[in-house]
file data.cif (mmCIF, C-alpha atoms)
data_structure
#
loop_
_atom_site.group_PDB
_atom_site.id
_atom_site.type_symbol
_atom_site.label_atom_id
_atom_site.label_comp_id
_atom_site.auth_asym_id
_atom_site.auth_seq_id
_atom_site.Cartn_x
_atom_site.Cartn_y
_atom_site.Cartn_z
ATOM 1 C CA MET A 240 -70.352 -76.165 8.056
ATOM 2 C CA ASN A 241 -67.266 -74.918 6.277
ATOM 3 C CA GLN A 242 -67.971 -73.126 3.022
ATOM 4 C CA GLU A 243 -66.799 -75.456 0.252
ATOM 5 C CA VAL A 244 -65.097 -73.854 -2.710
ATOM 6 C CA LEU A 245 -65.732 -74.894 -6.312
ATOM 7 C CA ARG A 246 -62.727 -74.212 -8.568
ATOM 8 C CA ILE A 247 -63.240 -73.893 -12.306
ATOM 9 C CA GLY A 248 -59.904 -73.031 -13.922
ATOM 10 C CA LYS A 249 -58.663 -69.937 -12.112
ATOM 11 C CA TYR A 250 -62.144 -69.032 -10.841
ATOM 12 C CA GLU A 251 -63.567 -69.855 -7.423
ATOM 13 C CA PHE A 252 -67.199 -70.079 -6.382
ATOM 14 C CA THR A 253 -69.065 -70.923 -3.214
ATOM 15 C CA SER A 254 -72.370 -71.388 -5.090
ATOM 16 C CA ARG A 255 -72.826 -74.600 -7.081
ATOM 17 C CA LEU A 256 -75.690 -73.320 -9.161
ATOM 18 C CA ILE A 257 -75.134 -71.613 -12.511
ATOM 19 C CA VAL A 258 -78.242 -69.941 -13.900
ATOM 20 C CA GLY A 259 -79.285 -68.840 -17.382
ATOM 21 C CA THR A 260 -80.797 -65.535 -18.463
ATOM 22 C CA GLY A 261 -83.216 -66.825 -21.140
ATOM 23 C CA LYS A 262 -86.998 -67.270 -21.242
ATOM 24 C CA TYR A 263 -87.938 -65.204 -18.160
ATOM 25 C CA PRO A 264 -91.249 -63.315 -18.257
ATOM 26 C CA SER A 265 -89.236 -60.088 -17.835
ATOM 27 C CA LEU A 266 -85.670 -58.993 -17.161
ATOM 28 C CA GLU A 267 -86.763 -57.733 -13.744
ATOM 29 C CA VAL A 268 -88.095 -61.208 -12.818
ATOM 30 C CA MET A 269 -84.811 -62.639 -14.073
ATOM 31 C CA ARG A 270 -82.861 -60.264 -11.832
ATOM 32 C CA GLN A 271 -84.914 -61.289 -8.798
ATOM 33 C CA ALA A 272 -84.570 -64.986 -9.670
ATOM 34 C CA HIS A 273 -80.794 -64.619 -9.873
ATOM 35 C CA GLU A 274 -80.797 -63.058 -6.407
ATOM 36 C CA ALA A 275 -83.008 -65.817 -4.996
ATOM 37 C CA SER A 276 -80.804 -68.530 -6.517
ATOM 38 C CA GLU A 277 -77.678 -67.063 -4.873
ATOM 39 C CA THR A 278 -75.833 -67.961 -8.047
ATOM 40 C CA GLN A 279 -72.404 -66.518 -8.734
ATOM 41 C CA MET A 280 -72.326 -67.181 -12.475
ATOM 42 C CA VAL A 281 -74.940 -66.528 -15.142
ATOM 43 C CA THR A 282 -74.963 -67.513 -18.793
ATOM 44 C CA VAL A 283 -75.675 -65.221 -21.722
ATOM 45 C CA ALA A 284 -75.991 -65.806 -25.465
ATOM 46 C CA ILE A 285 -74.222 -63.835 -28.204
ATOM 47 C CA ARG A 286 -76.229 -62.462 -31.113
ATOM 48 C CA ARG A 287 -76.022 -59.871 -33.867
ATOM 49 C CA ILE A 288 -77.317 -56.438 -32.906
ATOM 50 C CA HIS A 289 -80.363 -55.229 -34.814
ATOM 51 C CA LEU A 290 -79.248 -52.468 -37.124
ATOM 52 C CA ASP A 291 -82.693 -50.878 -37.114
ATOM 53 C CA ASP A 292 -82.907 -50.770 -33.304
ATOM 54 C CA PRO A 293 -79.435 -50.949 -31.807
ATOM 55 C CA SER A 294 -80.081 -48.987 -28.605
ATOM 56 C CA GLY A 295 -82.409 -49.545 -25.669
ATOM 57 C CA LYS A 296 -81.863 -51.158 -22.297
ATOM 58 C CA THR A 297 -79.886 -54.337 -22.681
ATOM 59 C CA LEU A 298 -79.489 -57.548 -20.728
ATOM 60 C CA LEU A 299 -76.223 -56.327 -19.224
ATOM 61 C CA ASP A 300 -78.114 -53.529 -17.424
ATOM 62 C CA TYR A 301 -79.789 -56.278 -15.367
ATOM 63 C CA LEU A 302 -76.629 -58.225 -14.501
ATOM 64 C CA ASP A 303 -74.577 -56.960 -11.573
ATOM 65 C CA ARG A 304 -71.102 -57.978 -12.621
ATOM 66 C CA SER A 305 -69.766 -57.450 -9.108
ATOM 67 C CA LYS A 306 -72.027 -60.358 -8.015
ATOM 68 C CA TYR A 307 -72.049 -62.599 -11.058
ATOM 69 C CA ALA A 308 -69.371 -63.918 -13.365
ATOM 70 C CA ILE A 309 -70.695 -63.875 -16.908
ATOM 71 C CA LEU A 310 -70.515 -67.160 -18.797
ATOM 72 C CA PRO A 311 -71.188 -66.433 -22.474
ATOM 73 C CA ASN A 312 -72.318 -69.386 -24.559
ATOM 74 C CA THR A 313 -71.958 -70.386 -28.177
ATOM 75 C CA ALA A 314 -75.570 -71.604 -28.360
ATOM 76 C CA GLY A 315 -76.908 -71.721 -31.882
ATOM 77 C CA CYS A 316 -73.579 -72.723 -33.423
ATOM 78 C CA PHE A 317 -73.514 -75.897 -35.516
ATOM 79 C CA THR A 318 -69.829 -75.920 -36.442
ATOM 80 C CA ALA A 319 -66.553 -75.590 -34.577
ATOM 81 C CA LYS A 320 -65.671 -72.619 -36.808
ATOM 82 C CA ASP A 321 -68.778 -70.632 -35.828
ATOM 83 C CA ALA A 322 -68.358 -71.532 -32.158
ATOM 84 C CA VAL A 323 -64.731 -70.348 -32.146
ATOM 85 C CA LEU A 324 -65.645 -67.019 -33.758
ATOM 86 C CA THR A 325 -68.569 -66.572 -31.336
ATOM 87 C CA ALA A 326 -66.264 -67.285 -28.378
ATOM 88 C CA HIS A 327 -63.750 -64.705 -29.557
ATOM 89 C CA LEU A 328 -66.510 -62.119 -30.050
ATOM 90 C CA ALA A 329 -67.867 -62.904 -26.573
ATOM 91 C CA ARG A 330 -64.440 -62.470 -25.010
ATOM 92 C CA GLU A 331 -64.029 -59.066 -26.618
ATOM 93 C CA ALA A 332 -67.576 -57.895 -25.836
ATOM 94 C CA LEU A 333 -67.658 -59.097 -22.231
ATOM 95 C CA GLN A 334 -63.971 -59.065 -21.320
ATOM 96 C CA THR A 335 -64.021 -62.609 -19.956
ATOM 97 C CA ASP A 336 -62.156 -65.761 -20.976
ATOM 98 C CA LEU A 337 -65.001 -67.967 -19.691
ATOM 99 C CA ILE A 338 -66.927 -69.734 -22.433
ATOM 100 C CA LYS A 339 -69.723 -72.263 -22.362
ATOM 101 C CA LEU A 340 -68.941 -74.180 -25.525
ATOM 102 C CA GLU A 341 -72.106 -75.440 -27.149
ATOM 103 C CA VAL A 342 -72.010 -76.885 -30.651
ATOM 104 C CA ILE A 343 -75.379 -78.313 -31.563
ATOM 105 C CA GLY A 344 -75.733 -81.293 -33.883
ATOM 106 C CA ASP A 345 -79.483 -81.542 -34.292
ATOM 107 C CA THR A 346 -82.329 -79.037 -33.983
ATOM 108 C CA ASP A 347 -84.937 -81.430 -32.522
ATOM 109 C CA THR A 348 -82.916 -82.868 -29.654
ATOM 110 C CA LEU A 349 -80.387 -80.018 -29.390
ATOM 111 C CA TYR A 350 -77.887 -82.750 -28.665
ATOM 112 C CA PRO A 351 -74.304 -81.573 -28.953
ATOM 113 C CA ASP A 352 -72.162 -82.532 -31.918
ATOM 114 C CA THR A 353 -69.317 -84.314 -30.149
ATOM 115 C CA ARG A 354 -66.798 -84.114 -33.001
ATOM 116 C CA GLU A 355 -67.313 -80.378 -33.544
ATOM 117 C CA THR A 356 -67.360 -79.701 -29.791
ATOM 118 C CA ILE A 357 -63.994 -81.423 -29.305
ATOM 119 C CA ALA A 358 -62.518 -79.652 -32.340
ATOM 120 C CA ALA A 359 -63.672 -76.248 -31.060
ATOM 121 C CA ALA A 360 -62.493 -76.995 -27.511
ATOM 122 C CA GLU A 361 -58.980 -77.764 -28.743
ATOM 123 C CA ILE A 362 -58.742 -74.407 -30.497
ATOM 124 C CA LEU A 363 -60.286 -72.411 -27.648
ATOM 125 C CA VAL A 364 -58.035 -73.947 -24.986
ATOM 126 C CA LYS A 365 -55.004 -73.032 -27.138
ATOM 127 C CA ASP A 366 -56.426 -69.523 -27.512
ATOM 128 C CA GLY A 367 -56.434 -69.116 -23.720
ATOM 129 C CA PHE A 368 -60.116 -69.581 -22.922
ATOM 130 C CA THR A 369 -61.516 -71.203 -19.785
ATOM 131 C CA VAL A 370 -63.642 -73.736 -21.665
ATOM 132 C CA LEU A 371 -66.788 -75.322 -20.195
ATOM 133 C CA PRO A 372 -68.191 -77.617 -22.886
ATOM 134 C CA TYR A 373 -71.801 -78.792 -22.992
ATOM 135 C CA ILE A 374 -71.576 -82.437 -23.985
ATOM 136 C CA VAL A 375 -73.496 -85.716 -24.131
ATOM 137 C CA ASP A 376 -73.465 -87.888 -21.000
ATOM 138 C CA ASP A 377 -70.661 -89.944 -22.507
ATOM 139 C CA PRO A 378 -67.673 -90.723 -20.259
ATOM 140 C CA VAL A 379 -65.310 -91.044 -23.232
ATOM 141 C CA ALA A 380 -66.283 -87.690 -24.742
ATOM 142 C CA CYS A 381 -65.822 -86.114 -21.304
ATOM 143 C CA LYS A 382 -62.398 -87.763 -20.939
ATOM 144 C CA ARG A 383 -61.266 -86.388 -24.313
ATOM 145 C CA LEU A 384 -62.398 -82.897 -23.338
ATOM 146 C CA GLU A 385 -60.477 -83.152 -20.071
ATOM 147 C CA GLU A 386 -57.330 -84.312 -21.905
ATOM 148 C CA ILE A 387 -57.577 -81.327 -24.230
ATOM 149 C CA GLY A 388 -57.502 -78.978 -21.241
ATOM 150 C CA CYS A 389 -61.108 -77.954 -20.637
ATOM 151 C CA ALA A 390 -61.715 -76.394 -17.207
ATOM 152 C CA ALA A 391 -64.863 -78.470 -16.604
ATOM 153 C CA VAL A 392 -67.194 -80.795 -18.489
ATOM 154 C CA MET A 393 -70.933 -80.213 -18.636
ATOM 155 C CA PRO A 394 -72.825 -83.405 -19.518
ATOM 156 C CA LEU A 395 -76.551 -83.064 -20.080
ATOM 157 C CA ALA A 396 -79.069 -84.588 -17.666
ATOM 158 C CA ALA A 397 -81.710 -84.592 -20.420
ATOM 159 C CA PRO A 398 -82.340 -82.540 -23.587
ATOM 160 C CA ILE A 399 -82.163 -78.745 -23.208
ATOM 161 C CA GLY A 400 -85.456 -77.311 -21.990
ATOM 162 C CA SER A 401 -87.044 -80.764 -21.542
ATOM 163 C CA GLY A 402 -87.273 -80.771 -17.737
ATOM 164 C CA LEU A 403 -87.002 -84.574 -17.733
ATOM 165 C CA GLY A 404 -84.445 -84.723 -14.923
ATOM 166 C CA VAL A 405 -81.403 -86.989 -14.831
ATOM 167 C CA CYS A 406 -82.185 -89.635 -17.489
ATOM 168 C CA ASN A 407 -78.997 -91.626 -17.098
ATOM 169 C CA PRO A 408 -77.656 -91.368 -13.552
ATOM 170 C CA TYR A 409 -75.194 -94.211 -14.148
ATOM 171 C CA SER A 410 -73.388 -92.355 -16.938
ATOM 172 C CA ILE A 411 -73.253 -89.186 -14.867
ATOM 173 C CA ARG A 412 -71.740 -91.142 -11.959
ATOM 174 C CA ILE A 413 -69.132 -92.751 -14.195
ATOM 175 C CA ILE A 414 -68.248 -89.364 -15.696
ATOM 176 C CA LYS A 415 -67.796 -87.924 -12.216
ATOM 177 C CA GLU A 416 -65.727 -90.874 -10.995
ATOM 178 C CA CYS A 417 -63.368 -90.628 -13.989
ATOM 179 C CA ALA A 418 -63.004 -86.839 -14.077
ATOM 180 C CA LYS A 419 -60.304 -84.782 -12.400
ATOM 181 C CA ILE A 420 -61.976 -81.535 -13.487
ATOM 182 C CA PRO A 421 -65.361 -80.317 -12.220
ATOM 183 C CA VAL A 422 -68.438 -82.036 -13.646
ATOM 184 C CA ILE A 423 -71.369 -79.671 -14.072
ATOM 185 C CA VAL A 424 -74.708 -81.170 -15.074
ATOM 186 C CA ASP A 425 -76.122 -78.867 -17.730
ATOM 187 C CA ALA A 426 -79.635 -79.032 -19.153
ATOM 188 C CA GLY A 427 -82.729 -81.072 -18.382
ATOM 189 C CA VAL A 428 -83.325 -80.298 -14.701
ATOM 190 C CA GLY A 429 -87.046 -79.584 -14.271
ATOM 191 C CA THR A 430 -87.680 -79.175 -10.572
ATOM 192 C CA ALA A 431 -85.997 -79.201 -7.174
ATOM 193 C CA SER A 432 -85.951 -82.991 -6.782
ATOM 194 C CA ASP A 433 -84.149 -83.328 -10.144
ATOM 195 C CA ALA A 434 -81.517 -80.892 -8.908
ATOM 196 C CA ALA A 435 -81.086 -82.763 -5.625
ATOM 197 C CA ILE A 436 -80.824 -86.118 -7.436
ATOM 198 C CA ALA A 437 -78.144 -84.727 -9.758
ATOM 199 C CA MET A 438 -76.138 -83.295 -6.865
ATOM 200 C CA GLU A 439 -76.510 -86.523 -4.859
ATOM 201 C CA LEU A 440 -74.671 -88.298 -7.695
ATOM 202 C CA GLY A 441 -71.640 -86.274 -6.610
ATOM 203 C CA VAL A 442 -71.374 -83.812 -9.477
ATOM 204 C CA ASP A 443 -69.775 -80.477 -8.646
ATOM 205 C CA ALA A 444 -72.443 -78.077 -9.843
ATOM 206 C CA LEU A 445 -75.581 -77.615 -11.929
ATOM 207 C CA LEU A 446 -76.385 -75.256 -14.772
ATOM 208 C CA MET A 447 -80.028 -74.550 -15.429
ATOM 209 C CA ASN A 448 -82.212 -72.086 -17.261
ATOM 210 C CA THR A 449 -85.689 -73.309 -18.214
ATOM 211 C CA GLY A 450 -86.254 -75.164 -14.922
ATOM 212 C CA ILE A 451 -86.292 -71.781 -13.196
ATOM 213 C CA ALA A 452 -87.402 -69.412 -15.956
ATOM 214 C CA ALA A 453 -90.404 -71.475 -17.089
ATOM 215 C CA ALA A 454 -91.777 -72.100 -13.567
ATOM 216 C CA ASN A 455 -95.033 -70.325 -12.727
ATOM 217 C CA ASP A 456 -93.082 -68.363 -10.134
ATOM 218 C CA PRO A 457 -89.471 -68.226 -11.314
ATOM 219 C CA VAL A 458 -88.240 -66.367 -8.221
ATOM 220 C CA LEU A 459 -89.667 -68.970 -5.840
ATOM 221 C CA MET A 460 -88.333 -71.802 -8.024
ATOM 222 C CA ALA A 461 -84.897 -70.161 -8.034
ATOM 223 C CA HIS A 462 -84.956 -70.257 -4.251
ATOM 224 C CA ALA A 463 -86.103 -73.895 -4.319
ATOM 225 C CA MET A 464 -83.263 -74.784 -6.696
ATOM 226 C CA ARG A 465 -80.746 -73.078 -4.431
ATOM 227 C CA ASN A 466 -81.994 -75.170 -1.519
ATOM 228 C CA ALA A 467 -82.095 -78.371 -3.601
ATOM 229 C CA VAL A 468 -78.537 -77.927 -4.859
ATOM 230 C CA MET A 469 -77.313 -77.334 -1.326
ATOM 231 C CA ALA A 470 -79.351 -80.236 0.054
ATOM 232 C CA GLY A 471 -78.169 -82.592 -2.679
ATOM 233 C CA ARG A 472 -74.548 -81.585 -2.151
ATOM 234 C CA GLN A 473 -74.768 -82.023 1.604
ATOM 235 C CA ALA A 474 -76.497 -85.397 1.234
ATOM 236 C CA PHE A 475 -73.738 -86.522 -1.126
ATOM 237 C CA LEU A 476 -71.033 -85.427 1.309
ATOM 238 C CA ALA A 477 -72.895 -86.984 4.230
ATOM 239 C CA GLY A 478 -73.091 -90.340 2.405
ATOM 240 C CA ARG A 479 -76.503 -91.916 2.202
ATOM 241 C CA MET A 480 -77.550 -95.047 4.091
ATOM 242 C CA GLU A 481 -77.630 -98.336 2.238
ATOM 243 C CA LYS A 482 -80.933 -99.283 0.656
ATOM 244 C CA ARG A 483 -82.569 -102.467 1.921
ATOM 245 C CA LEU A 484 -85.536 -104.417 0.714
ATOM 246 C CA TYR A 485 -87.098 -105.103 4.140
ATOM 247 C CA ALA A 486 -87.782 -102.861 7.103
ATOM 248 C CA ASN A 487 -85.321 -102.346 9.910
ATOM 249 C CA ALA A 488 -86.998 -100.980 13.034
ATOM 250 C CA SER A 489 -85.728 -97.710 14.441
ATOM 251 C CA SER A 490 -87.109 -98.466 17.899
ATOM 252 C CA PRO A 491 -85.891 -101.446 20.030
ATOM 253 C CA MET A 492 -87.738 -104.722 19.448
ATOM 254 C CA GLN A 493 -86.886 -105.955 22.987
ATOM 255 C CA ASP A 494 -88.766 -105.301 26.225
ATOM 256 C CA LEU A 495 -92.052 -104.802 24.414
ATOM 257 C CA ILE A 496 -95.257 -104.264 26.371
ATOM 258 C CA GLY A 497 -97.947 -106.919 26.069
ATOM 259 C CA THR A 498 -97.702 -110.471 24.831
ATOM 260 C CA SER A 499 -99.380 -110.727 21.413
ATOM 261 C CA ARG A 500 -96.972 -110.742 18.471
ATOM 262 C CA ARG A 501 -97.330 -111.166 14.745
ATOM 263 C CA LYS A 502 -94.774 -113.431 13.123
ATOM 264 C CA MET E 55 -68.146 -48.629 -50.953
ATOM 265 C CA LYS E 56 -70.087 -51.823 -50.352
ATOM 266 C CA ALA E 57 -69.860 -53.901 -47.179
ATOM 267 C CA THR E 58 -72.051 -56.454 -45.442
ATOM 268 C CA ILE E 59 -73.080 -55.716 -41.852
ATOM 269 C CA ASN E 60 -74.752 -58.538 -39.920
ATOM 270 C CA GLY E 61 -75.767 -60.123 -43.185
ATOM 271 C CA GLU E 62 -77.219 -56.909 -44.703
ATOM 272 C CA ALA E 63 -75.597 -55.300 -47.753
ATOM 273 C CA ARG E 64 -74.835 -51.644 -46.989
ATOM 274 C CA GLU E 65 -73.388 -48.720 -48.932
ATOM 275 C CA LEU E 66 -70.801 -46.907 -46.779
ATOM 276 C CA GLU E 67 -68.559 -43.873 -47.193
ATOM 277 C CA THR E 68 -65.044 -44.772 -48.303
ATOM 278 C CA GLY E 69 -62.467 -44.635 -45.502
ATOM 279 C CA LEU E 70 -64.969 -44.995 -42.665
ATOM 280 C CA THR E 71 -63.464 -46.358 -39.421
ATOM 281 C CA PHE E 72 -65.295 -48.981 -37.376
ATOM 282 C CA ALA E 73 -65.786 -46.471 -34.539
ATOM 283 C CA GLU E 74 -67.387 -44.044 -37.008
ATOM 284 C CA LEU E 75 -69.643 -46.799 -38.339
ATOM 285 C CA LEU E 76 -70.825 -47.618 -34.794
ATOM 286 C CA ASP E 77 -71.535 -43.909 -34.198
ATOM 287 C CA GLN E 78 -73.570 -43.718 -37.402
ATOM 288 C CA LEU E 79 -75.549 -46.801 -36.379
ATOM 289 C CA GLY E 80 -76.137 -45.382 -32.896
ATOM 290 C CA VAL E 81 -74.345 -48.314 -31.236
ATOM 291 C CA SER E 82 -72.440 -47.699 -28.005
ATOM 292 C CA GLN E 83 -69.059 -49.439 -27.837
ATOM 293 C CA SER E 84 -69.667 -50.933 -24.391
ATOM 294 C CA GLY E 85 -70.755 -54.567 -24.303
ATOM 295 C CA ILE E 86 -70.374 -55.142 -28.038
ATOM 296 C CA ALA E 87 -67.750 -56.696 -30.269
ATOM 297 C CA VAL E 88 -66.950 -56.397 -33.945
ATOM 298 C CA ALA E 89 -65.470 -58.911 -36.366
ATOM 299 C CA ARG E 90 -64.250 -58.256 -39.894
ATOM 300 C CA ASN E 91 -64.124 -61.287 -42.198
ATOM 301 C CA ASP E 92 -64.200 -63.629 -39.167
ATOM 302 C CA GLN E 93 -61.403 -61.755 -37.339
ATOM 303 C CA VAL E 94 -62.388 -60.071 -34.077
ATOM 304 C CA LEU E 95 -61.193 -56.466 -33.751
ATOM 305 C CA ARG E 96 -59.832 -55.265 -30.422
ATOM 306 C CA ARG E 97 -61.873 -52.455 -28.963
ATOM 307 C CA GLY E 98 -58.816 -50.168 -29.007
ATOM 308 C CA ALA E 99 -58.456 -50.701 -32.754
ATOM 309 C CA LEU E 100 -61.999 -49.671 -33.717
ATOM 310 C CA GLY E 101 -61.025 -45.996 -34.050
ATOM 311 C CA GLU E 102 -58.067 -46.766 -36.327
ATOM 312 C CA GLU E 103 -59.144 -49.673 -38.492
ATOM 313 C CA ARG E 104 -60.901 -48.591 -41.685
ATOM 314 C CA ILE E 105 -63.620 -50.558 -43.419
ATOM 315 C CA ARG E 106 -62.586 -51.943 -46.792
ATOM 316 C CA GLU E 107 -64.652 -52.679 -49.881
ATOM 317 C CA GLY E 108 -66.429 -56.020 -49.549
ATOM 318 C CA ASP E 109 -65.806 -56.472 -45.820
ATOM 319 C CA ARG E 110 -68.132 -58.854 -44.001
ATOM 320 C CA ILE E 111 -68.745 -57.164 -40.658
ATOM 321 C CA GLU E 112 -70.385 -58.728 -37.608
ATOM 322 C CA ILE E 113 -71.483 -56.572 -34.676
ATOM 323 C CA ILE E 114 -72.695 -58.563 -31.667
ATOM 324 C CA ARG E 115 -73.829 -58.147 -28.087
ATOM 325 C CA ALA E 116 -74.952 -60.327 -25.195
ATOM 326 C CA VAL E 117 -78.615 -61.356 -25.117
ATOM 327 C CA ALA E 118 -80.645 -63.542 -22.789
ATOM 328 C CA GLY E 119 -79.827 -67.236 -23.106
ATOM 329 C CA GLY E 120 -78.997 -70.403 -21.220
#
call {"tool": "encode", "arguments": {"input": "data.cif", "output": "structure tokens"}}
result
Amino acid sequence: MNQEVLRIGKYEFTSRLIVGTGKYPSLEVMRQAHEASETQMVTVAIRRIHLDDPSGKTLLDYLDRSKYAILPNTAGCFTAKDAVLTAHLAREALQTDLIKLEVIGDTDTLYPDTRETIAAAEILVKDGFTVLPYIVDDPVACKRLEEIGCAAVMPLAAPIGSGLGVCNPYSIRIIKECAKIPVIVDAGVGTASDAAIAMELGVDALLMNTGIAAANDPVLMAHAMRNAVMAGRQAFLAGRMEKRLYANASSPMQDLIGTSRRK
Amino acid sequence: MKATINGEARELETGLTFAELLDQLGVSQSGIAVARNDQVLRRGALGEERIREGDRIEIIRAVAGG
């Protein structure tokens, strides 16, 4: 099979799985999980350094930047203003224009604040960022973000860290059918079947963190997710058979041996 | 001279540059970024820009996240 290319702004990827760096039992396990996932882009968060302990081995020591593009996020921001400042700090610290825009509206659901997300996206696109916004599974919100000039839209499958899988496949399908930019399902994927189901809807890629990091064996789950994303993508491209209510025999029903039949 | 660094009030020498502040804090310049009063400073400017009385300074780095 030809290697398909995923284009996000000016960036190109052959992997369709973006992986987080949070919640792993150790940074070494994270490094191995990244390898097993065959991801080409990993997310990081941006936080204040601790003034009392500024040194020590950092996350970046465990990320091989020749293998992985770094996708900094604005997680933890509740306003467009904070998200824009965080994005600018991330660009300076990591020397990348990629930004996962995340403006949270509520601490229990971690649902994005659509108004603030759109406001921040407008500013960041003008400031030259490659903006990948985390957003509700709302086709209209996704359309607005595309019109603004975002490089992709990242609707949630389910709340962050919930592992519930794709809760609203119909919305995700509509978003994908309407979008001219890549659609990346972000958040809520709990296991390999969730990943395959999301990819079978036709979306371009998945972003996940907890689904891998919180597995009993994150490295093995990373490998499973890699396989599921590939399988789901291939099944989507292959085009599934139509569902039917009754059976349809795979073997011929003519020239049968014997004479007794059930009606 | 008073300034706030990552939300903490600090007493600093007058005329200190941002690069000197990072040295004093033991922070390497790689992988970090600095903002003064919500304006991000270019890495090349850290050695020239001086901290002013009342500045709100943010020093950040990448941490694990999703």
call {"tool": "resolve_selection", "arguments": {"input": "data.cif", "expression": "the PyMOL selection byres ((chain E and resi 109) around 8)", "output": "MDAnalysis selection string"}}
result
chainID E and resid 56:58 90:91 105:108 110:111
call {"tool": "residues_around", "arguments": {"input": "data.cif", "residues": "stretch 419-427 of chain A", "least_positions_apart": "2", "cutoff": "6 Å", "atoms": "all atoms listed in the file", "output": "list in words"}}
result
Ala391, Val392, Met393, Pro394, Leu395, Ala396, Ala397, Pro398, Ile399, Gly400, Ser401, Gly402, Leu403, Gly404, Val442, Asp443, Ala444, Leu445, Leu446 and Met447 of chain A
call {"tool": "closest_residue", "arguments": {"input": "data.cif", "among": "E:Ala99, E:Leu75, E:Val117, E:Ala63", "to": "chain A", "atoms": "only C-alpha atoms"}}
result
E:Val117
call {"tool": "resolve_selection", "arguments": {"input": "data.cif", "expression": "the PyMOL selection byres ((chain E) within 7 of (chain A))", "output": "ChimeraX atom specification"}}
result
/E:60,79-81,85-88,92,94,96,112-120
call {"tool": "residues_around", "arguments": {"input": "data.cif", "residues": "A:Ser276", "least_positions_apart": "4", "cutoff": "6 Å", "atoms": "only C-alpha atoms", "output": "PyMOL selection string"}}
result
chain A and resi 461-462+465
call {"tool": "atom_distance", "arguments": {"input": "data.cif", "atom1": "atom CA of A:Glu243", "atom2": "atom CA of A:Phe475"}}
result
13.1 Å
call {"tool": "resolve_selection", "arguments": {"input": "data.cif", "expression": "the PyMOL selection byres ((chain A and resi 355-362) around 6)", "output": "NGL selection string"}}
result
:A and (318-319 or 342 or 352-354 or 363-365 or 387)
call {"tool": "atom_distance", "arguments": {"input": "data.cif", "atom1": "atom CA of A:Leu340", "atom2": "atom CA of A:Ser432"}}
result
26.8 Å
